[in-house]
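Asker: Structure incoming, see below.
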Amino acid sequence: MSVTDRVPTHPGATYFGSGPYPEHRARITVLSVLAGLALTIVWSAPFVDSVIGDSVANGLLGHDAKGTPIEGALAGTIFAFVSGLAGSFTACNIAAFGAVAPLVGTETSSRPRFLTTLKPLGWIAAGMLTVSVVYGVIVALVGTRMPQFSTAKTTGLSPRSIQSMVAFGIIGLVFIVLGLVSLGVIRNPIGGLTRRFPATPHVLMGALIGGFLIGRPYPLFRMMFRDAAESHNVFYGAGAFALQSLGNIVIMAVLFLLLAHGTGGRVQRWLGAKPTRVAAVTGAALLLAGTFTLLYWDVRVLGRTGMIWFPTVNW
């Protein structure tokens, strides 16, 4: 397709590439995938999880988050939101920032209205909360028999690791597909649904972010997970998991609103100055996020167990 393909006609179009598409889409694809690979190699889980995540949680809670038991539903709900916020930059949540570029790209006016920009965030929250609430209820009902609790290794991988690999592997692949469609490399697999329901891309993105909880091994999340599982209270489980997800997207949402409103429309004008720029930025962001998620949680995990070789930079 050429750069003269039709321009997106609805807010969700930039997720699924309604054009116009960049001429050098192959180059953008390769560079984005290489950037995702480089990020996978240099990523330091101890630094992000402990130095950043634990420090944020300890500061907000006012005590040692890992060393203090969760006592009561109120403490649990506060812990759920704070741990979600603290885990914003962990490997099991960083892909959420891949949604920022598509969100900014949906704003076609140079000075978008505030309420207008809240709509896509609302649809993302709807998809995200649907998944996280349902999973929270399942955890409360099933309890500690969930695979996410088991660390027993039979083939070099624990059930918890396998669940993480499956969950994040699927999420990473979907992100990659979204990126390729946004660049016009492949056809939109749900184009008909998107045309009928323009909010579909935002709901799907939210569902993917909610799905992070299904594979997340983050220590602070496991504490909340166990507390909800042992309570066997479906309302507590649903509420705690919902707040965990909301905490995950706070920084992403703030970044989006700053780019949309805090720059005086400069970002929108820059994107609109070249018709293909929205597709290029959106596709690159989604491909980078998807490549990192897939490689980190599947390939690098296998490398860590010694099953395959994968380069890493330890720091």
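Naming works like this for the structure tokens: A, B, ... for the chains as they're shown, residue 1 at the start of each chain, ligands 1 onward in shown order.
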Near Ala253 in chain A, within 12 Å and counting only C-alpha atoms, which residues show up once chain neighbours fewer than 6 positions away are dropped, as a list in words?
Answerer: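 Close residues of Ala253 in chain A: Leu85, Ser88, Ala96, Phe97, Gly98, Ala99, Val100, Ala101, Leu103, Val104, Thr117, Leu118, Lys119, Pro120, Leu121, Gly122, Ile124, Ala125, Leu246, Gly247, Leu259, Ala260 and His261 of chain A.
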Asker: If we count only C-alpha atoms and set the cut-off at 12 Å, which residues sit around Ala75 in chain A, ignoring sequence neighbours fewer than 6 positions away in its own chain? Please answer as a PDB file with all heavy atoms, in the first residue's frame.
Answerer:
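File around.pdb, as written:
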ATOM      1  N   LEU A  61       3.878   3.404  51.443  1.00  0.00           N
ATOM      2  CA  LEU A  61       3.228   2.714  52.554  1.00  0.00           C
ATOM      3  C   LEU A  61       3.772   3.153  53.909  1.00  0.00           C
ATOM      4  O   LEU A  61       3.101   3.016  54.932  1.00  0.00           O
ATOM      5  CB  LEU A  61       3.396   1.196  52.400  1.00  0.00           C
ATOM      6  CG  LEU A  61       2.648   0.550  51.224  1.00  0.00           C
ATOM      7  CD1 LEU A  61       3.061  -0.913  51.094  1.00  0.00           C
ATOM      8  CD2 LEU A  61       1.142   0.663  51.417  1.00  0.00           C
ATOM      9  N   ALA A  65       7.503  -2.908  52.715  1.00  0.00           N
ATOM     10  CA  ALA A  65       6.370  -3.558  52.053  1.00  0.00           C
ATOM     11  C   ALA A  65       6.505  -5.076  52.067  1.00  0.00           C
ATOM     12  O   ALA A  65       5.523  -5.796  52.282  1.00  0.00           O
ATOM     13  CB  ALA A  65       6.255  -3.049  50.620  1.00  0.00           C
ATOM     14  N   THR A  68       6.342  -6.626  55.959  1.00  0.00           N
ATOM     15  CA  THR A  68       5.178  -6.376  56.801  1.00  0.00           C
ATOM     16  C   THR A  68       3.976  -7.150  56.277  1.00  0.00           C
ATOM     17  O   THR A  68       3.573  -6.962  55.130  1.00  0.00           O
ATOM     18  CB  THR A  68       4.828  -4.876  56.835  1.00  0.00           C
ATOM     19  OG1 THR A  68       5.986  -4.140  57.244  1.00  0.00           O
ATOM     20  CG2 THR A  68       3.685  -4.609  57.794  1.00  0.00           C
ATOM     21  N   PRO A  69       3.392  -8.030  57.104  1.00  0.00           N
ATOM     22  CA  PRO A  69       2.218  -8.790  56.647  1.00  0.00           C
ATOM     23  C   PRO A  69       1.039  -7.871  56.342  1.00  0.00           C
ATOM     24  O   PRO A  69       0.896  -6.791  56.928  1.00  0.00           O
ATOM     25  CB  PRO A  69       1.898  -9.698  57.844  1.00  0.00           C
ATOM     26  CG  PRO A  69       3.154  -9.732  58.656  1.00  0.00           C
ATOM     27  CD  PRO A  69       3.801  -8.392  58.473  1.00  0.00           C
ATOM     28  N   PHE A  81      -3.155  -1.300  45.362  1.00  0.00           N
ATOM     29  CA  PHE A  81      -2.956  -0.145  44.490  1.00  0.00           C
ATOM     30  C   PHE A  81      -1.507   0.316  44.516  1.00  0.00           C
ATOM     31  O   PHE A  81      -0.910   0.591  43.459  1.00  0.00           O
ATOM     32  CB  PHE A  81      -3.866   1.005  44.918  1.00  0.00           C
ATOM     33  CG  PHE A  81      -3.720   2.233  44.061  1.00  0.00           C
ATOM     34  CD1 PHE A  81      -4.322   2.306  42.810  1.00  0.00           C
ATOM     35  CD2 PHE A  81      -2.963   3.317  44.493  1.00  0.00           C
ATOM     36  CE1 PHE A  81      -4.181   3.427  42.004  1.00  0.00           C
ATOM     37  CE2 PHE A  81      -2.810   4.443  43.701  1.00  0.00           C
ATOM     38  CZ  PHE A  81      -3.422   4.493  42.452  1.00  0.00           C
ATOM     39  N   VAL A  82      -0.921   0.397  45.711  1.00  0.00           N
ATOM     40  CA  VAL A  82       0.461   0.869  45.839  1.00  0.00           C
ATOM     41  C   VAL A  82       1.430  -0.086  45.141  1.00  0.00           C
ATOM     42  O   VAL A  82       2.343   0.350  44.441  1.00  0.00           O
ATOM     43  CB  VAL A  82       0.834   1.036  47.330  1.00  0.00           C
ATOM     44  CG1 VAL A  82       2.341   1.271  47.488  1.00  0.00           C
ATOM     45  CG2 VAL A  82       0.065   2.188  47.949  1.00  0.00           C
ATOM     46  N   SER A  83       1.238  -1.382  45.318  1.00  0.00           N
ATOM     47  CA  SER A  83       2.134  -2.341  44.663  1.00  0.00           C
ATOM     48  C   SER A  83       1.970  -2.298  43.155  1.00  0.00           C
ATOM     49  O   SER A  83       2.927  -2.512  42.410  1.00  0.00           O
ATOM     50  CB  SER A  83       1.884  -3.755  45.197  1.00  0.00           C
ATOM     51  OG  SER A  83       0.549  -4.170  44.943  1.00  0.00           O
ATOM     52  N   MET A 224       0.114  -9.827  47.540  1.00  0.00           N
ATOM     53  CA  MET A 224      -1.304  -9.487  47.418  1.00  0.00           C
ATOM     54  C   MET A 224      -2.090 -10.686  46.902  1.00  0.00           C
ATOM     55  O   MET A 224      -3.205 -10.964  47.342  1.00  0.00           O
ATOM     56  CB  MET A 224      -1.458  -8.306  46.455  1.00  0.00           C
ATOM     57  CG  MET A 224      -2.884  -7.794  46.330  1.00  0.00           C
ATOM     58  SD  MET A 224      -3.235  -7.173  44.678  1.00  0.00           S
ATOM     59  CE  MET A 224      -3.418  -8.684  43.738  1.00  0.00           C
ATOM     60  N   ASP A 227      -2.684 -13.151  49.696  1.00  0.00           N
ATOM     61  CA  ASP A 227      -3.658 -12.629  50.652  1.00  0.00           C
ATOM     62  C   ASP A 227      -5.081 -12.780  50.106  1.00  0.00           C
ATOM     63  O   ASP A 227      -5.992 -13.186  50.837  1.00  0.00           O
ATOM     64  CB  ASP A 227      -3.359 -11.150  50.939  1.00  0.00           C
ATOM     65  CG  ASP A 227      -4.147 -10.618  52.109  1.00  0.00           C
ATOM     66  OD1 ASP A 227      -4.069 -11.202  53.208  1.00  0.00           O
ATOM     67  OD2 ASP A 227      -4.867  -9.613  51.939  1.00  0.00           O
ATOM     68  N   ALA A 228      -5.271 -12.467  48.832  1.00  0.00           N
ATOM     69  CA  ALA A 228      -6.593 -12.604  48.218  1.00  0.00           C
ATOM     70  C   ALA A 228      -7.001 -14.068  48.117  1.00  0.00           C
ATOM     71  O   ALA A 228      -8.167 -14.421  48.349  1.00  0.00           O
ATOM     72  CB  ALA A 228      -6.600 -11.957  46.837  1.00  0.00           C
ATOM     73  N   TYR A 236     -13.294  -9.166  47.807  1.00  0.00           N
ATOM     74  CA  TYR A 236     -11.949  -8.671  48.113  1.00  0.00           C
ATOM     75  C   TYR A 236     -10.996  -9.005  46.974  1.00  0.00           C
ATOM     76  O   TYR A 236     -10.188  -8.166  46.553  1.00  0.00           O
ATOM     77  CB  TYR A 236     -11.453  -9.282  49.422  1.00  0.00           C
ATOM     78  CG  TYR A 236     -10.021  -8.947  49.760  1.00  0.00           C
ATOM     79  CD1 TYR A 236      -9.570  -7.626  49.748  1.00  0.00           C
ATOM     80  CD2 TYR A 236      -9.109  -9.947  50.080  1.00  0.00           C
ATOM     81  CE1 TYR A 236      -8.247  -7.317  50.054  1.00  0.00           C
ATOM     82  CE2 TYR A 236      -7.793  -9.655  50.391  1.00  0.00           C
ATOM     83  CZ  TYR A 236      -7.368  -8.344  50.370  1.00  0.00           C
ATOM     84  OH  TYR A 236      -6.066  -8.036  50.672  1.00  0.00           O
ATOM     85  N   ALA A 240      -9.169  -6.076  44.958  1.00  0.00           N
ATOM     86  CA  ALA A 240      -7.710  -5.980  45.058  1.00  0.00           C
ATOM     87  C   ALA A 240      -7.056  -6.081  43.680  1.00  0.00           C
ATOM     88  O   ALA A 240      -6.149  -5.310  43.351  1.00  0.00           O
ATOM     89  CB  ALA A 240      -7.177  -7.077  45.975  1.00  0.00           C
TER      90      ALA A 240
END
Asker: Within 9 Å of Gly283 in chain A, counting only C-alpha atoms, which residues qualify if same-chain residues fewer than 2 places away don't, as JSON, numbers by chain?
Answerer: {"A": [14, 15, 17, 28, 29, 32, 101, 102, 176, 178, 179, 180, 181, 182, 183, 184, 278, 279, 280, 281, 285, 286, 287, 288]}
Asker: Once DSSP has gone over the backbone, tell me which residues of range 76-302 of chain A are in helix (DSSP H, G or I), as a PyMOL selection string.
Answerer: chain A and resi 76-89+94-105+114-145+147-149+159-183+191-196+200-210+212-215+219-231+234-261+266-272+277-302
Asker: Please provide as a PyMOL selection string all residues within 7 Å of range 37-40 of chain A, with the sequence filter that same-chain residues fewer than 6 positions apart are discarded (counting only C-alpha atoms).
Answerer: chain A and resi 291-292+295-296
Asker: Need to verify the contact set: Lys66 in chain A, 8 Å, only C-alpha atoms, exclusion of same-chain residues closer than 3 positions in sequence. Can you return it as a ChimeraX atom specification?
Answerer: /A:54,69,219-220,223
Asker: Could you take the residues named above and write them with all heavy atoms, as a short mmCIF file (atom, residue, chain, number, x, y, z; two decimals), in the first residue's frame?
Answerer:
data_model
loop_
_atom_site.label_atom_id
_atom_site.label_comp_id
_atom_site.auth_asym_id
_atom_site.auth_seq_id
_atom_site.Cartn_x
_atom_site.Cartn_y
_atom_site.Cartn_z
N ASP A 54 10.50 -1.59 45.04
CA ASP A 54 10.42 -1.67 46.50
C ASP A 54 10.56 -0.31 47.15
O ASP A 54 9.89 -0.02 48.15
CB ASP A 54 11.52 -2.61 47.03
CG ASP A 54 11.26 -4.06 46.65
OD1 ASP A 54 10.20 -4.34 46.06
OD2 ASP A 54 12.13 -4.91 46.94
N PRO A 69 3.39 -8.03 57.10
CA PRO A 69 2.22 -8.79 56.65
C PRO A 69 1.04 -7.87 56.34
O PRO A 69 0.90 -6.79 56.93
CB PRO A 69 1.90 -9.70 57.84
CG PRO A 69 3.15 -9.73 58.66
CD PRO A 69 3.80 -8.39 58.47
N PRO A 219 7.33 -9.92 43.21
CA PRO A 219 7.18 -10.30 44.62
C PRO A 219 6.06 -9.58 45.37
O PRO A 219 5.31 -10.23 46.13
CB PRO A 219 8.56 -9.95 45.22
CG PRO A 219 9.50 -10.10 44.07
CD PRO A 219 8.74 -9.61 42.87
N LEU A 220 5.92 -8.27 45.19
CA LEU A 220 4.86 -7.56 45.89
C LEU A 220 3.48 -7.99 45.40
O LEU A 220 2.53 -8.05 46.18
CB LEU A 220 5.03 -6.04 45.71
CG LEU A 220 6.25 -5.42 46.37
CD1 LEU A 220 6.30 -3.92 46.11
CD2 LEU A 220 6.26 -5.69 47.88
N MET A 223 2.51 -11.24 47.10
CA MET A 223 2.00 -11.05 48.45
C MET A 223 0.51 -10.74 48.42
O MET A 223 -0.28 -11.32 49.18
CB MET A 223 2.75 -9.90 49.14
CG MET A 223 4.18 -10.21 49.54
SD MET A 223 4.98 -8.79 50.35
CE MET A 223 3.93 -8.61 51.83
#
Asker: Find, counting only C-alpha atoms, the residue in A:Pro46, A:Asn314, A:Ala242, A:Val301 that gets nearest to Thr77 in chain A.
Answerer: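 Comparing A:Pro46, A:Asn314, A:Ala242, A:Val301 against Thr77 in chain A, the winner is A:Ala242.
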Asker: From the options A:Thr194, A:Asn58, A:Ser231, A:Thr200, which residue's atoms come nearest to Ala126 in chain A, counting only C-alpha atoms?
Answerer: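 Counting only C-alpha atoms, the residue closest to Ala126 in chain A is A:Thr200.
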Asker: Quick check, in Å to one decimal: how far apart do CA of Leu115 in chain A and CA of Met252 in chain A lie?
Answerer: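 Calculated distance between CA of Leu115 in chain A and CA of Met252 in chain A is 17.2 Å.
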Asker: Between A:Gly265, A:Pro275, A:Gly211, A:Gly156, which one has atoms that come closest to Thr305 in chain A, using only C-alpha atoms?
Answerer: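 Residue with the minimum atom-to-atom distance to Thr305 in chain A: A:Gly156.
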Asker: From the set A:Gly192, A:Gly87, A:Gly136, A:Gly62, which residue has the shortest atom-to-atom contact distance to Gly237 in chain A, counting only C-alpha atoms?
Answerer: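 Checking each candidate against Gly237 in chain A, we get A:Gly136 as the closest.
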Asker: Which residue out of A:Phe47, A:Tyr218, A:Phe175, A:Phe235 has the minimum interatomic distance to Val33 in chain A when only C-alpha atoms are used?
Answerer: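 That would be A:Phe175, the residue with the smallest distance to Val33 in chain A.
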Asker: With a distance cut-off of 12 Å and only C-alpha atoms, select the neighbouring residues of Tyr135 in chain A, excluding the residue or stretch itself and same-chain residues fewer than 4 positions from it, and output the selection as a VMD selection string.
Answerer: chain A and resid 128 to 131 139 to 143 146 207 210 to 215 225 228 to 229 234 to 242 244 to 245
Asker: Ranking A:Gly76, A:Arg222, A:Phe89, A:Ile70 by minimum distance to Ile52 in chain A and counting only C-alpha atoms, which one comes first?
Answerer: A:Phe89
